[in-house]
Amino acid sequence: MPGFGFDKIFGKARNAGASPNPEREAAPNARRREDPAEGPKSAQRRRISELKEALKSKRQEQLALKDELRAARVDTPEGRTVPTSEGGEAQTAGVLSDFPVAGPQQGPPITGARRSGANRPSTDIPRLIVRPRAGLANRMRVITSFQILARCSGRVFELCWAPSNGWSNEDLNVLFENSFPRVPLDEFERYCQNGLALHKACRIVGRGNERTWTWREGSGMHQVFDLEAFGVVTYSGYHRYDTLVDPATQARLLPHFDSAYRAGVKEWRPVPSIRTKVESLVASFSPNTVGVHIRRGDALARPRASGFRRSSDAAFFARMDAELAQEPRTNFFLATDCPETEERFREQYRQAVIVNGEKRFVPSVRGQPKENQRDAVIDMFALSHTRKILGTNYSSFSTMAADIGGIEYQRVLED
C-alpha cells in the first residue's frame, strides 16, 4: 500500500496525542534549499538533518504523551494477564514468536526511499520495522495497522518481506504499487535481538471474548512511543497491531485507530496488470452481484478446522438460494482456493456464477508456502466490487475484501 495518501487519514488521530508529520513541516524549507548539483550522499545527509530538526519540534508533545502513557501503565499494568472484552476475529493461541518463518509509507517519510530499500534512514531516527507473515490478507492487515502505529508514534515505517507458511517467494512489488523502505531478513533478525521486539514481549492466549494478553515484565505497547529509550521497534507475525493489546489500553494509545484502519485498507493499489484483470471481471457484474468466498484447502487441516467447517457447502447453498429467492436477478462472483468447490457451485448455479476462468489453482497445504498470490489479489479485489460478501468463518481474506470495498460482510454458518 505504498504510494497511498496516508496523511489525510490521521487528522483526528493527531488530536488524540499523535504528532504532526515532521516531513510536512520541513518540506517548504527543503524545497527552497534544493540544489540540482547536490550529490546523493549530500542530499541524504541534508535530509536526515532536516528530519532530526523536525523531530525535535515534537518533543514537548511527546513528553506530554509519555506522561499520559506512564499514568495509563499504572492504571493497567501490562505485566499481567488481561481478559479481553472484544469479540474480534478468532486467532490461533500461542506465543507470537513461535510461529514458523515463512505493507503506505508511515512516520516521517524518507525522500527517495524506494523498493530496494535504498536511502534507509539513519539509525538515529526512530524506526518501526515489521515482518508480516502468513497469507495475503494477514500480511496486508499487519502492514496497514502497524503503519498507523508508526505514524502516531513518530516512527519511520520499514518493511522486511520474506517467505513464510502461506506465502512463497513472491515479492510485494509484483502485486502492489509501493515504496516501502526495505530491511533484509538477516538485518531484521539482528534488530529483533537488540531492540524492542513486540512479538517476543507479548503472549496471546485464547480467542474472542476469552482472549488474554501477557506482556513480559517491564514491557508494554506504550514503549513504542518512547522514542529516546527504544530507537528501533520490531514486529514479526500475522496479528493486527490492535489485537496485541487489550481494548482499554488500545483506546488510550490510539483512540481513532478503527477509522484510520478502515481508511488505510482502501489505499492498497494492485499493479496495473492486476487492475486490468480485475476491471475485466467487474465489467460483468451487475448491481445485484454478490461476492462469495469459500475457503477450503489448508483451512480444513487446521487443529481448529471445525470453525471453518461451519461454513459448509450446504450452508453456502442455503444462503445463495435465499439471495435468489429475494432477488431473482442476483448473480454471484465466486472466489475459492479449491477447483472441486468451484466446479460444484458452477454446476449448481450455472450462468448465475462468475469466476476468474484464468485462475491457476495451486494446493493449499498447511505449514507450507503458497504460490500464485497474483490470482488471490485478483479474487480479493473483484470481491471488493460486489454488493456484499458471503464469507467463510474465521477467514481474514473475506473480511479484508469487504473492508477494501467498504461493503457488507456476512459469515456463512450452518444453523
# chains A, B, ... in the order shown; residues from 1 in each chain; ligands from 1
>>> closest_atom_pairs(of="stretch 221-281 of chain A", to="stretch 391-406 of chain A", cutoff="9 Å", atoms="only C-alpha atoms", output="CSV")
residue,atom,partner,partner_atom,distance
A:Arg262,CA,A:Asp403,CA,6.6
A:Ala263,CA,A:Ile404,CA,8.6
A:Gly264,CA,A:Ile404,CA,8.8
A:Val265,CA,A:Ile404,CA,5.6
A:Lys266,CA,A:Ile404,CA,4.7
A:Glu267,CA,A:Ile404,CA,8.1
A:Trp268,CA,A:Ile404,CA,8.0
>>> closest_residue(among="A:Gln410, A:Asn331, A:Gln223, A:Gln147", to="A:Pro287", atoms="only C-alpha atoms")
A:Asn331
>>> closest_atom_pairs(of="stretch 352-394 of chain A", to="stretch 135-143 of chain A", cutoff="8 Å", atoms="only C-alpha atoms", output="tab-separated table")
residue	atom	partner	partner_atom	distance
A:Lys370	CA	A:Gly135	CA	7.8
A:Gln373	CA	A:Leu136	CA	7.2
A:Ala376	CA	A:Leu136	CA	7.6
A:Val377	CA	A:Leu136	CA	7.8
>>> closest_residue(among="A:Ala150, A:Ala382, A:Ala162, A:Ala314", to="A:Pro132", atoms="only C-alpha atoms")
A:Ala162
>>> atom_distance(atom1="atom CA of A:Val290", atom2="atom CA of A:Ile389")
6.0 Å
>>> residues_around(residues="stretch 183-193 of chain A", least_positions_apart="5", cutoff="8 Å", atoms="only C-alpha atoms", output="list in words")
Gly117, Ile129, Glu158, Leu159, Cys160, Trp161, Ala162, Val232, Val233, Thr234 and Tyr235 of chain A
>>> write_last_selection(atoms="N, CA and C atoms", output="JSON list (two decimals), in the first residue's frame")
[["chain", "number", "residue", "atom", "x", "y", "z"],
["A", 117, "GLY", "N", 14.95, -0.48, -0.92],
["A", 117, "GLY", "CA", 15.32, -0.17, 0.45],
["A", 117, "GLY", "C", 16.47, 0.81, 0.52],
["A", 129, "ILE", "N", 10.04, -1.55, 12.37],
["A", 129, "ILE", "CA", 10.31, -2.49, 11.28],
["A", 129, "ILE", "C", 9.40, -3.70, 11.46],
["A", 158, "GLU", "N", 9.28, 0.67, 8.24],
["A", 158, "GLU", "CA", 10.10, -0.08, 7.29],
["A", 158, "GLU", "C", 9.60, -1.52, 7.23],
["A", 159, "LEU", "N", 9.89, -2.18, 6.12],
["A", 159, "LEU", "CA", 9.31, -3.50, 5.85],
["A", 159, "LEU", "C", 10.39, -4.54, 5.62],
["A", 160, "CYS", "N", 10.24, -5.67, 6.29],
["A", 160, "CYS", "CA", 11.03, -6.86, 5.99],
["A", 160, "CYS", "C", 10.09, -7.86, 5.33],
["A", 161, "TRP", "N", 10.30, -8.15, 4.06],
["A", 161, "TRP", "CA", 9.41, -9.03, 3.30],
["A", 161, "TRP", "C", 10.14, -10.33, 3.01],
["A", 162, "ALA", "N", 9.59, -11.42, 3.49],
["A", 162, "ALA", "CA", 10.25, -12.72, 3.33],
["A", 162, "ALA", "C", 9.20, -13.82, 3.24],
["A", 232, "VAL", "N", 14.68, 1.46, 17.88],
["A", 232, "VAL", "CA", 14.16, 0.52, 16.89],
["A", 232, "VAL", "C", 13.16, -0.41, 17.57],
["A", 233, "VAL", "N", 11.99, -0.53, 16.99],
["A", 233, "VAL", "CA", 10.96, -1.47, 17.44],
["A", 233, "VAL", "C", 10.67, -2.42, 16.29],
["A", 234, "THR", "N", 10.54, -3.71, 16.58],
["A", 234, "THR", "CA", 10.27, -4.70, 15.53],
["A", 234, "THR", "C", 9.02, -5.49, 15.86],
["A", 235, "TYR", "N", 8.43, -6.05, 14.82],
["A", 235, "TYR", "CA", 7.31, -6.99, 14.99],
["A", 235, "TYR", "C", 7.35, -8.01, 13.86]]
